[in-house]
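Enquirer: My structure is stored as protein.cif, with mmCIF, N, CA and C atoms.
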```cif
data_target
loop_
_atom_site.label_atom_id
_atom_site.label_comp_id
_atom_site.auth_asym_id
_atom_site.auth_seq_id
_atom_site.Cartn_x
_atom_site.Cartn_y
_atom_site.Cartn_z
N MET W 1 -19.16 2.97 23.54
CA MET W 1 -18.98 4.24 22.87
C MET W 1 -17.84 4.19 21.86
N ALA W 2 -16.74 3.53 22.20
CA ALA W 2 -15.60 3.42 21.28
C ALA W 2 -15.94 2.58 20.07
N ARG W 3 -17.07 1.89 20.12
CA ARG W 3 -17.45 1.03 19.00
C ARG W 3 -17.76 1.83 17.76
N ASN W 4 -18.19 3.07 17.88
CA ASN W 4 -18.55 3.86 16.70
C ASN W 4 -17.39 3.99 15.73
N LYS W 5 -16.23 4.39 16.21
CA LYS W 5 -15.09 4.53 15.31
C LYS W 5 -14.59 3.16 14.87
N ALA W 6 -14.73 2.15 15.73
CA ALA W 6 -14.30 0.80 15.39
C ALA W 6 -15.12 0.23 14.24
N ARG W 7 -16.39 0.60 14.17
CA ARG W 7 -17.26 0.12 13.09
C ARG W 7 -16.80 0.60 11.72
N LEU W 8 -16.10 1.70 11.68
CA LEU W 8 -15.55 2.19 10.42
C LEU W 8 -14.10 1.72 10.24
N PHE W 9 -13.31 1.86 11.28
CA PHE W 9 -11.88 1.59 11.19
C PHE W 9 -11.56 0.16 10.78
N TRP W 10 -12.06 -0.82 11.53
CA TRP W 10 -11.66 -2.21 11.30
C TRP W 10 -12.14 -2.78 9.97
N PRO W 11 -13.37 -2.52 9.53
CA PRO W 11 -13.76 -3.02 8.20
C PRO W 11 -12.95 -2.40 7.06
N VAL W 12 -12.64 -1.11 7.17
CA VAL W 12 -11.84 -0.46 6.12
C VAL W 12 -10.42 -1.02 6.13
N LEU W 13 -9.82 -1.12 7.30
CA LEU W 13 -8.47 -1.69 7.41
C LEU W 13 -8.43 -3.10 6.82
N LEU W 14 -9.40 -3.92 7.18
CA LEU W 14 -9.45 -5.29 6.67
C LEU W 14 -9.68 -5.32 5.16
N ALA W 15 -10.59 -4.49 4.66
CA ALA W 15 -10.87 -4.45 3.22
C ALA W 15 -9.63 -4.04 2.43
N VAL W 16 -8.91 -3.04 2.90
CA VAL W 16 -7.70 -2.59 2.21
C VAL W 16 -6.64 -3.68 2.23
N THR W 17 -6.40 -4.27 3.39
CA THR W 17 -5.35 -5.29 3.52
C THR W 17 -5.66 -6.51 2.65
N VAL W 18 -6.89 -7.00 2.70
CA VAL W 18 -7.27 -8.18 1.92
C VAL W 18 -7.29 -7.86 0.43
N SER W 19 -7.88 -6.73 0.05
CA SER W 19 -7.92 -6.35 -1.38
C SER W 19 -6.51 -6.20 -1.94
N ASP W 20 -5.63 -5.63 -1.16
CA ASP W 20 -4.25 -5.46 -1.60
C ASP W 20 -3.60 -6.83 -1.83
N ALA W 21 -3.78 -7.74 -0.88
CA ALA W 21 -3.19 -9.08 -1.01
C ALA W 21 -3.76 -9.81 -2.23
N VAL W 22 -5.06 -9.71 -2.45
CA VAL W 22 -5.69 -10.40 -3.58
C VAL W 22 -5.21 -9.82 -4.91
N THR W 23 -5.16 -8.49 -5.02
CA THR W 23 -4.73 -7.89 -6.29
C THR W 23 -3.26 -8.18 -6.57
N LYS W 24 -2.44 -8.24 -5.55
CA LYS W 24 -1.03 -8.59 -5.75
C LYS W 24 -0.88 -10.04 -6.19
N ALA W 25 -1.67 -10.93 -5.59
CA ALA W 25 -1.62 -12.34 -6.00
C ALA W 25 -2.08 -12.50 -7.44
N LEU W 26 -3.13 -11.79 -7.82
CA LEU W 26 -3.60 -11.84 -9.21
C LEU W 26 -2.56 -11.28 -10.17
N ALA W 27 -1.92 -10.20 -9.78
CA ALA W 27 -0.88 -9.61 -10.63
C ALA W 27 0.26 -10.61 -10.84
N GLN W 28 0.66 -11.29 -9.79
CA GLN W 28 1.75 -12.26 -9.92
C GLN W 28 1.33 -13.46 -10.77
N ARG W 29 0.06 -13.80 -10.72
CA ARG W 29 -0.42 -14.93 -11.52
C ARG W 29 -0.57 -14.55 -12.99
N TRP W 30 -1.15 -13.39 -13.25
CA TRP W 30 -1.47 -13.00 -14.63
C TRP W 30 -0.34 -12.24 -15.32
N LEU W 31 0.60 -11.75 -14.56
CA LEU W 31 1.73 -11.01 -15.13
C LEU W 31 3.02 -11.74 -14.74
N PRO W 32 3.25 -12.91 -15.31
CA PRO W 32 4.37 -13.73 -14.84
C PRO W 32 5.75 -13.17 -15.15
N LEU W 33 5.85 -12.27 -16.12
CA LEU W 33 7.16 -11.71 -16.47
C LEU W 33 7.30 -10.30 -15.92
N PRO W 34 8.19 -10.11 -14.95
CA PRO W 34 8.40 -8.76 -14.41
C PRO W 34 8.86 -7.79 -15.49
N ASP W 35 8.47 -6.55 -15.32
CA ASP W 35 8.88 -5.43 -16.18
C ASP W 35 8.31 -5.47 -17.59
N LEU W 36 7.36 -6.36 -17.87
CA LEU W 36 6.73 -6.41 -19.19
C LEU W 36 5.35 -5.76 -19.09
N PRO W 37 5.17 -4.56 -19.68
CA PRO W 37 3.89 -3.85 -19.56
C PRO W 37 2.77 -4.53 -20.34
N HIS W 38 1.59 -4.53 -19.75
CA HIS W 38 0.37 -5.02 -20.40
C HIS W 38 -0.61 -3.85 -20.43
N GLU W 39 -0.92 -3.36 -21.62
CA GLU W 39 -1.79 -2.20 -21.74
C GLU W 39 -3.21 -2.54 -21.32
N VAL W 40 -3.80 -1.67 -20.50
CA VAL W 40 -5.18 -1.80 -20.07
C VAL W 40 -6.01 -0.72 -20.73
N LEU W 41 -5.57 0.52 -20.63
CA LEU W 41 -6.18 1.66 -21.33
C LEU W 41 -5.09 2.32 -22.17
N GLY W 42 -4.70 1.63 -23.22
CA GLY W 42 -3.61 2.12 -24.05
C GLY W 42 -2.34 2.25 -23.22
N ASN W 43 -1.58 3.28 -23.52
CA ASN W 43 -0.34 3.53 -22.81
C ASN W 43 -0.57 4.27 -21.49
N THR W 44 -1.78 4.77 -21.28
CA THR W 44 -2.08 5.56 -20.07
C THR W 44 -2.13 4.70 -18.83
N LEU W 45 -2.80 3.56 -18.89
CA LEU W 45 -2.88 2.64 -17.76
C LEU W 45 -2.38 1.28 -18.22
N ARG W 46 -1.33 0.83 -17.58
CA ARG W 46 -0.76 -0.48 -17.88
C ARG W 46 -0.58 -1.24 -16.57
N PHE W 47 -0.56 -2.56 -16.67
CA PHE W 47 -0.18 -3.40 -15.55
C PHE W 47 1.21 -3.94 -15.84
N THR W 48 2.14 -3.62 -14.97
CA THR W 48 3.54 -4.04 -15.13
C THR W 48 4.01 -4.57 -13.77
N LEU W 49 4.34 -5.85 -13.71
CA LEU W 49 4.77 -6.46 -12.47
C LEU W 49 6.19 -6.00 -12.13
N VAL W 50 6.32 -5.46 -10.91
CA VAL W 50 7.62 -4.98 -10.43
C VAL W 50 7.74 -5.40 -8.97
N TYR W 51 8.92 -5.82 -8.58
CA TYR W 51 9.20 -6.12 -7.17
C TYR W 51 10.07 -4.98 -6.64
N ASN W 52 9.57 -4.29 -5.62
CA ASN W 52 10.25 -3.11 -5.09
C ASN W 52 10.85 -3.43 -3.73
N PRO W 53 12.17 -3.62 -3.65
CA PRO W 53 12.80 -3.90 -2.36
C PRO W 53 12.98 -2.64 -1.51
N GLY W 54 12.79 -1.48 -2.11
CA GLY W 54 12.96 -0.22 -1.40
C GLY W 54 11.63 0.35 -0.96
N ALA W 55 11.56 1.66 -0.96
CA ALA W 55 10.33 2.36 -0.56
C ALA W 55 9.84 3.16 -1.76
N ALA W 56 8.92 4.06 -1.51
CA ALA W 56 8.35 4.88 -2.57
C ALA W 56 9.45 5.61 -3.35
N PHE W 57 9.24 5.71 -4.63
CA PHE W 57 10.14 6.44 -5.52
C PHE W 57 11.55 5.86 -5.54
N GLY W 58 11.67 4.57 -5.25
CA GLY W 58 12.96 3.89 -5.35
C GLY W 58 13.94 4.17 -4.22
N ILE W 59 13.48 4.71 -3.11
CA ILE W 59 14.37 4.95 -1.97
C ILE W 59 14.84 3.61 -1.44
N THR W 60 16.14 3.47 -1.24
CA THR W 60 16.68 2.18 -0.80
C THR W 60 17.84 2.39 0.17
N PHE W 61 18.08 1.37 0.98
CA PHE W 61 19.22 1.34 1.89
C PHE W 61 20.07 0.12 1.61
N GLY W 62 20.17 -0.23 0.33
CA GLY W 62 20.98 -1.38 -0.07
C GLY W 62 20.43 -2.68 0.46
N GLY W 63 21.31 -3.58 0.88
CA GLY W 63 20.92 -4.90 1.33
C GLY W 63 20.11 -4.91 2.62
N TYR W 64 20.10 -3.79 3.33
CA TYR W 64 19.36 -3.72 4.60
C TYR W 64 17.96 -3.13 4.42
N SER W 65 17.59 -2.77 3.20
CA SER W 65 16.31 -2.10 2.96
C SER W 65 15.13 -2.86 3.53
N ARG W 66 15.08 -4.16 3.28
CA ARG W 66 13.94 -4.95 3.73
C ARG W 66 13.74 -4.80 5.23
N TRP W 67 14.80 -4.95 6.00
CA TRP W 67 14.71 -4.92 7.46
C TRP W 67 14.45 -3.52 7.98
N ILE W 68 15.09 -2.54 7.37
CA ILE W 68 14.89 -1.15 7.80
C ILE W 68 13.45 -0.72 7.55
N PHE W 69 12.92 -1.05 6.36
CA PHE W 69 11.55 -0.64 6.05
C PHE W 69 10.52 -1.44 6.85
N MET W 70 10.82 -2.67 7.21
CA MET W 70 9.92 -3.40 8.10
C MET W 70 9.88 -2.72 9.47
N ALA W 71 11.04 -2.36 9.99
CA ALA W 71 11.09 -1.70 11.30
C ALA W 71 10.40 -0.35 11.25
N LEU W 72 10.64 0.42 10.22
CA LEU W 72 9.99 1.74 10.09
C LEU W 72 8.47 1.60 9.99
N THR W 73 8.02 0.57 9.28
CA THR W 73 6.57 0.35 9.15
C THR W 73 5.96 0.00 10.50
N ILE W 74 6.63 -0.83 11.27
CA ILE W 74 6.12 -1.19 12.59
C ILE W 74 6.06 0.04 13.49
N VAL W 75 7.08 0.87 13.46
CA VAL W 75 7.07 2.11 14.24
C VAL W 75 5.92 3.01 13.79
N ALA W 76 5.74 3.14 12.47
CA ALA W 76 4.64 3.96 11.95
C ALA W 76 3.29 3.41 12.40
N LEU W 77 3.12 2.09 12.38
CA LEU W 77 1.86 1.49 12.81
C LEU W 77 1.60 1.74 14.30
N LEU W 78 2.65 1.73 15.10
CA LEU W 78 2.48 2.04 16.53
C LEU W 78 2.05 3.49 16.73
N ILE W 79 2.64 4.39 15.96
CA ILE W 79 2.24 5.81 16.03
C ILE W 79 0.79 5.97 15.57
N LEU W 80 0.43 5.28 14.48
CA LEU W 80 -0.94 5.36 13.96
C LEU W 80 -1.94 4.77 14.96
N ALA W 81 -1.53 3.73 15.69
CA ALA W 81 -2.40 3.15 16.72
C ALA W 81 -2.67 4.16 17.82
N ARG W 82 -1.66 4.93 18.18
CA ARG W 82 -1.87 5.98 19.20
C ARG W 82 -2.80 7.07 18.68
N LEU W 83 -2.62 7.43 17.41
CA LEU W 83 -3.52 8.42 16.81
C LEU W 83 -4.96 7.91 16.79
N TYR W 84 -5.12 6.63 16.45
CA TYR W 84 -6.46 6.03 16.45
C TYR W 84 -7.05 6.05 17.85
N ALA W 85 -6.26 5.66 18.84
CA ALA W 85 -6.74 5.64 20.23
C ALA W 85 -7.18 7.03 20.68
N GLY W 86 -6.50 8.05 20.19
CA GLY W 86 -6.84 9.42 20.56
C GLY W 86 -7.94 10.05 19.71
N THR W 87 -8.45 9.30 18.74
CA THR W 87 -9.49 9.82 17.86
C THR W 87 -10.85 9.69 18.55
N ARG W 88 -11.60 10.77 18.55
CA ARG W 88 -12.93 10.77 19.17
C ARG W 88 -13.94 10.11 18.25
N ASN W 89 -14.96 9.49 18.87
CA ASN W 89 -16.09 8.99 18.09
C ASN W 89 -16.71 10.16 17.34
N GLY W 90 -17.16 9.91 16.16
CA GLY W 90 -17.74 10.97 15.35
C GLY W 90 -16.72 11.64 14.43
N SER W 91 -15.45 11.30 14.59
CA SER W 91 -14.41 11.84 13.70
C SER W 91 -14.23 10.87 12.54
N GLY W 92 -15.26 10.80 11.72
CA GLY W 92 -15.29 9.81 10.64
C GLY W 92 -14.17 9.96 9.62
N LEU W 93 -13.88 11.19 9.21
CA LEU W 93 -12.84 11.41 8.21
C LEU W 93 -11.47 11.00 8.74
N ARG W 94 -11.17 11.37 9.97
CA ARG W 94 -9.89 10.99 10.58
C ARG W 94 -9.80 9.47 10.75
N THR W 95 -10.89 8.85 11.19
CA THR W 95 -10.92 7.40 11.36
C THR W 95 -10.70 6.70 10.02
N LEU W 96 -11.39 7.16 8.99
CA LEU W 96 -11.23 6.59 7.65
C LEU W 96 -9.78 6.74 7.18
N ALA W 97 -9.22 7.92 7.36
CA ALA W 97 -7.85 8.19 6.94
C ALA W 97 -6.87 7.25 7.64
N LEU W 98 -7.02 7.10 8.94
CA LEU W 98 -6.14 6.22 9.70
C LEU W 98 -6.29 4.77 9.26
N ALA W 99 -7.52 4.34 8.99
CA ALA W 99 -7.75 2.97 8.52
C ALA W 99 -7.09 2.73 7.17
N LEU W 100 -7.18 3.70 6.27
CA LEU W 100 -6.54 3.57 4.95
C LEU W 100 -5.03 3.46 5.07
N VAL W 101 -4.44 4.35 5.88
CA VAL W 101 -2.99 4.33 6.04
C VAL W 101 -2.53 3.03 6.70
N CYS W 102 -3.24 2.62 7.75
CA CYS W 102 -2.86 1.37 8.44
C CYS W 102 -3.04 0.16 7.54
N GLY W 103 -4.14 0.08 6.83
CA GLY W 103 -4.38 -1.04 5.93
C GLY W 103 -3.32 -1.13 4.84
N GLY W 104 -2.97 0.01 4.26
CA GLY W 104 -1.93 0.03 3.24
C GLY W 104 -0.57 -0.33 3.80
N ALA W 105 -0.25 0.19 4.96
CA ALA W 105 1.04 -0.13 5.58
C ALA W 105 1.12 -1.62 5.89
N LEU W 106 0.03 -2.20 6.39
CA LEU W 106 0.02 -3.63 6.67
C LEU W 106 0.18 -4.45 5.39
N GLY W 107 -0.49 -4.02 4.32
CA GLY W 107 -0.38 -4.73 3.05
C GLY W 107 1.05 -4.80 2.55
N ASN W 108 1.75 -3.69 2.60
CA ASN W 108 3.14 -3.70 2.14
C ASN W 108 4.07 -4.39 3.14
N LEU W 109 3.74 -4.31 4.43
CA LEU W 109 4.54 -5.02 5.43
C LEU W 109 4.47 -6.54 5.21
N VAL W 110 3.29 -7.03 4.89
CA VAL W 110 3.14 -8.47 4.62
C VAL W 110 4.06 -8.88 3.48
N ASP W 111 4.13 -8.08 2.42
CA ASP W 111 5.03 -8.40 1.30
C ASP W 111 6.49 -8.45 1.77
N ARG W 112 6.88 -7.49 2.56
CA ARG W 112 8.28 -7.44 3.03
C ARG W 112 8.62 -8.64 3.91
N VAL W 113 7.65 -9.06 4.73
CA VAL W 113 7.88 -10.20 5.61
C VAL W 113 8.00 -11.49 4.80
N TRP W 114 7.12 -11.68 3.83
CA TRP W 114 7.05 -12.95 3.10
C TRP W 114 8.01 -13.08 1.95
N SER W 115 8.48 -11.97 1.38
CA SER W 115 9.31 -12.08 0.18
C SER W 115 10.54 -11.19 0.25
N PRO W 116 11.71 -11.77 0.10
CA PRO W 116 12.93 -10.96 0.05
C PRO W 116 13.02 -10.14 -1.24
N MET W 117 12.16 -10.44 -2.23
CA MET W 117 12.19 -9.68 -3.49
C MET W 117 11.59 -8.29 -3.32
N GLY W 118 10.76 -8.11 -2.31
CA GLY W 118 10.19 -6.80 -2.04
C GLY W 118 8.70 -6.75 -2.24
N VAL W 119 8.18 -5.55 -2.21
CA VAL W 119 6.76 -5.29 -2.35
C VAL W 119 6.35 -5.47 -3.81
N VAL W 120 5.20 -6.09 -4.02
CA VAL W 120 4.66 -6.29 -5.37
C VAL W 120 3.95 -5.01 -5.80
N ASP W 121 4.42 -4.41 -6.87
CA ASP W 121 3.77 -3.26 -7.49
C ASP W 121 3.35 -3.65 -8.90
N PHE W 122 2.26 -3.06 -9.40
CA PHE W 122 1.82 -3.45 -10.75
C PHE W 122 1.00 -2.39 -11.48
N VAL W 123 0.54 -1.36 -10.82
CA VAL W 123 -0.23 -0.31 -11.49
C VAL W 123 0.75 0.70 -12.07
N ASP W 124 0.68 0.88 -13.38
CA ASP W 124 1.64 1.68 -14.14
C ASP W 124 0.86 2.74 -14.92
N ILE W 125 0.95 3.99 -14.48
CA ILE W 125 0.18 5.09 -15.07
C ILE W 125 1.13 6.12 -15.65
N GLY W 126 0.75 6.67 -16.81
CA GLY W 126 1.55 7.72 -17.39
C GLY W 126 1.10 8.07 -18.80
N LEU W 127 1.82 8.97 -19.40
CA LEU W 127 1.60 9.36 -20.79
C LEU W 127 2.92 9.20 -21.54
N ARG W 128 2.88 8.37 -22.55
CA ARG W 128 4.09 8.05 -23.34
C ARG W 128 5.23 7.63 -22.43
N ASN W 129 6.32 8.37 -22.44
CA ASN W 129 7.48 8.01 -21.61
C ASN W 129 7.45 8.65 -20.22
N ALA W 130 6.50 9.53 -19.96
CA ALA W 130 6.38 10.16 -18.64
C ALA W 130 5.50 9.25 -17.78
N ARG W 131 6.12 8.49 -16.89
CA ARG W 131 5.41 7.49 -16.08
C ARG W 131 5.51 7.84 -14.60
N TRP W 132 4.43 7.59 -13.88
CA TRP W 132 4.44 7.67 -12.43
C TRP W 132 5.10 6.38 -11.94
N PRO W 133 5.80 6.40 -10.82
CA PRO W 133 6.38 5.14 -10.33
C PRO W 133 5.28 4.08 -10.15
N THR W 134 5.56 2.86 -10.53
CA THR W 134 4.61 1.76 -10.42
C THR W 134 4.22 1.57 -8.96
N PHE W 135 2.93 1.31 -8.72
CA PHE W 135 2.43 1.24 -7.34
C PHE W 135 1.41 0.12 -7.21
N ASN W 136 0.82 0.00 -6.04
CA ASN W 136 -0.19 -1.03 -5.76
C ASN W 136 -1.34 -0.42 -4.97
N LEU W 137 -2.32 -1.24 -4.62
CA LEU W 137 -3.48 -0.76 -3.88
C LEU W 137 -3.10 -0.24 -2.50
N ALA W 138 -2.14 -0.88 -1.85
CA ALA W 138 -1.69 -0.42 -0.53
C ALA W 138 -1.11 0.99 -0.62
N ASP W 139 -0.30 1.24 -1.65
CA ASP W 139 0.27 2.57 -1.83
C ASP W 139 -0.83 3.61 -2.05
N LEU W 140 -1.84 3.24 -2.83
CA LEU W 140 -2.95 4.15 -3.09
C LEU W 140 -3.70 4.45 -1.78
N ALA W 141 -3.91 3.43 -0.96
CA ALA W 141 -4.60 3.64 0.32
C ALA W 141 -3.79 4.53 1.25
N VAL W 142 -2.49 4.29 1.34
CA VAL W 142 -1.62 5.12 2.19
C VAL W 142 -1.65 6.57 1.72
N SER W 143 -1.53 6.78 0.42
CA SER W 143 -1.51 8.14 -0.12
C SER W 143 -2.84 8.85 0.11
N THR W 144 -3.93 8.16 -0.15
CA THR W 144 -5.27 8.73 0.05
C THR W 144 -5.48 9.05 1.53
N GLY W 145 -5.12 8.12 2.40
CA GLY W 145 -5.27 8.34 3.83
C GLY W 145 -4.42 9.50 4.32
N ALA W 146 -3.21 9.62 3.79
CA ALA W 146 -2.32 10.73 4.20
C ALA W 146 -2.92 12.08 3.79
N VAL W 147 -3.48 12.15 2.59
CA VAL W 147 -4.11 13.39 2.13
C VAL W 147 -5.32 13.72 3.02
N LEU W 148 -6.11 12.71 3.34
CA LEU W 148 -7.27 12.94 4.22
C LEU W 148 -6.83 13.39 5.62
N LEU W 149 -5.74 12.80 6.12
CA LEU W 149 -5.23 13.23 7.44
C LEU W 149 -4.77 14.68 7.41
N ALA W 150 -4.24 15.12 6.28
CA ALA W 150 -3.78 16.49 6.16
C ALA W 150 -4.93 17.48 6.32
N PHE W 151 -6.14 17.05 5.96
CA PHE W 151 -7.31 17.92 6.12
C PHE W 151 -7.70 17.92 7.58
#
```
Could you quickly redo this structure as structure tokens?
Expert:
Amino acid sequence: MARNKARLFWPVLLAVTVSDAVTKALAQRWLPLPDLPHEVLGNTLRFTLVYNPGAAFGITFGGYSRWIFMALTIVALLILARLYAGTRNGSGLRTLALALVCGGALGNLVDRVWSPMGVVDFVDIGLRNARWPTFNLADLAVSTGAVLLAF
């Protein structure tokens, strides 16, 4: 019976985690110079390689950021695991949301574990000088999953 939610959760989690790793590797290969924007759709969508040692929106704890954010991510994943365990079969939207958040969190955790430079971000969206903070697929999955969980 628990297999119903697992059939959605694990493939989505795996797809997000793997897609995030692949897109970050491609960004590092094709965008070898950090902070140099490459226009994709004019100035609206650019790819700009950035290494983020902090969290969203530049939140940082100085030299301890890497370790603090790794620990916080592990705690968040444990909480999300409990939420998943408590999710009933047939709760597709909640299962999808949890899979997106977990997959994104794992994607960024892998970056923190493997690189002291921080999480690889490269999607740069904005209009002229008004830019959204640069992000990656994991961030998009976490944000989408969080919005879905709110419903």
Enquirer: So which residues get picked by the PyMOL selection byres ((chain W and resi 71-80) around 8) here, written as a PyMOL selection string?
Expert: chain W and resi 65-70+81-86+98+101-102+105-106+109
Enquirer: Residues near Asn52 in chain W, anyone? I mean within 8 Å using all atoms listed in the file, not counting same-chain ones fewer than 4 positions away, as a ChimeraX atom specification.
Expert: /W:58,116-121
Enquirer: Going by the chain IDs and residue numbers used in this file, which residues fall under the PyMOL selection byres (((chain W and resi 35 and name CA) around 8) and name CA)? Write them as a ChimeraX atom specification.
Expert: /W:33-34,36-37,48-50
Enquirer: What does the structure give for the distance between atom N of Arg131 in chain W and atom C of Ser143 in chain W, in Å to one decimal?
Expert: 19.2 Å
Enquirer: Would you compute, for all listed atoms of range 127-145 of chain W, the axis-aligned bounding box grown by 6 Å on each side, and then report its centre and edge lengths in Å rounded to one decimal, as lines of an AutoDock Vina configuration file?
Expert:
```
center_x = 1.0
center_y = 4.5
center_z = -9.5
size_x = 25.0
size_y = 23.4
size_z = 39.7
```
Enquirer: How many Å separate atom C of Ala55 in chain W from atom C of Thr144 in chain W?
Expert: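 If I compute the distance from atom C of Ala55 in chain W to atom C of Thr144 in chain W, I get 16.7 Å.
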Enquirer: Show me, as a list in words, the residues that have an atom within 6.5 Å of Thr134 in chain W when counting all atoms listed in the file, minus same-chain residues fewer than 5 positions from it.
Expert: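 The residues satisfying every condition are Asp121, Phe122, Val123, Asp124 and Ile125 of chain W.
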Enquirer: Record the distance separating CA of Leu96 in chain W and CA of Phe9 in chain W, expressed in Å with one decimal.
Expert: 6.2 Å
Enquirer: Mind checking DSSP for chain W and telling me the helix (DSSP H, G or I) residues as a PyMOL selection string?
Expert: chain W and resi 3-30+56-58+62-85+92-114+137-150
Enquirer: Which residue, W:Ala25, W:Phe61, W:Gly103, W:Asn108, has the smallest gap to Pro11 in chain W when you use only C-alpha atoms?
Expert: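 Going through W:Ala25, W:Phe61, W:Gly103, W:Asn108 one by one, the smallest distance to Pro11 in chain W is for W:Gly103.
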Enquirer: Using all atoms listed in the file, which residue out of W:Val12, W:Leu31, W:Leu26, W:Ala56 lies closest to Gly104 in chain W?
Expert: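 Ranked by minimum distance to Gly104 in chain W, first place goes to W:Val12.
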Enquirer: Name the residues of range 34-82 of chain W that come out as strand (DSSP E) in a backbone DSSP run; write them as an mmCIF file with N, CA and C atoms, in the frame of the given file.
Expert:
```cif
data_model
loop_
_atom_site.group_PDB
_atom_site.id
_atom_site.type_symbol
_atom_site.label_atom_id
_atom_site.label_comp_id
_atom_site.auth_asym_id
_atom_site.auth_seq_id
_atom_site.Cartn_x
_atom_site.Cartn_y
_atom_site.Cartn_z
ATOM 1 N N HIS W 38 1.590 -4.530 -19.750
ATOM 2 C CA HIS W 38 0.370 -5.020 -20.400
ATOM 3 C C HIS W 38 -0.610 -3.850 -20.430
ATOM 4 N N GLU W 39 -0.920 -3.360 -21.620
ATOM 5 C CA GLU W 39 -1.790 -2.200 -21.740
ATOM 6 C C GLU W 39 -3.210 -2.540 -21.320
ATOM 7 N N VAL W 40 -3.800 -1.670 -20.500
ATOM 8 C CA VAL W 40 -5.180 -1.800 -20.070
ATOM 9 C C VAL W 40 -6.010 -0.720 -20.730
ATOM 10 N N LEU W 41 -5.570 0.520 -20.630
ATOM 11 C CA LEU W 41 -6.180 1.660 -21.330
ATOM 12 C C LEU W 41 -5.090 2.320 -22.170
ATOM 13 N N LEU W 45 -2.800 3.560 -18.890
ATOM 14 C CA LEU W 45 -2.880 2.640 -17.760
ATOM 15 C C LEU W 45 -2.380 1.280 -18.220
ATOM 16 N N ARG W 46 -1.330 0.830 -17.580
ATOM 17 C CA ARG W 46 -0.760 -0.480 -17.880
ATOM 18 C C ARG W 46 -0.580 -1.240 -16.570
ATOM 19 N N PHE W 47 -0.560 -2.560 -16.670
ATOM 20 C CA PHE W 47 -0.180 -3.400 -15.550
ATOM 21 C C PHE W 47 1.210 -3.940 -15.840
ATOM 22 N N THR W 48 2.140 -3.620 -14.970
ATOM 23 C CA THR W 48 3.540 -4.040 -15.130
ATOM 24 C C THR W 48 4.010 -4.570 -13.770
ATOM 25 N N LEU W 49 4.340 -5.850 -13.710
ATOM 26 C CA LEU W 49 4.770 -6.460 -12.470
ATOM 27 C C LEU W 49 6.190 -6.000 -12.130
ATOM 28 N N VAL W 50 6.320 -5.460 -10.910
ATOM 29 C CA VAL W 50 7.620 -4.980 -10.430
ATOM 30 C C VAL W 50 7.740 -5.400 -8.970
ATOM 31 N N TYR W 51 8.920 -5.820 -8.580
ATOM 32 C CA TYR W 51 9.200 -6.120 -7.170
ATOM 33 C C TYR W 51 10.070 -4.980 -6.640
ATOM 34 N N ASN W 52 9.570 -4.290 -5.620
ATOM 35 C CA ASN W 52 10.250 -3.110 -5.090
ATOM 36 C C ASN W 52 10.850 -3.430 -3.730
#
```
Enquirer: Determine the nearest neighbour of Lys24 in chain W from the options W:Asn43, W:Leu149, W:Tyr51, W:Leu137, counting only N, CA and C atoms.
Expert: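 Counting only N, CA and C atoms, the residue closest to Lys24 in chain W is W:Leu137.
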Enquirer: Would you mind telling me which residue in W:Ala27, W:Asn89, W:Trp10, W:Gly107 lies nearest to Asp139 in chain W when using all atoms listed in the file?
Expert: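 Checking each candidate against Asp139 in chain W, we get W:Gly107 as the closest.
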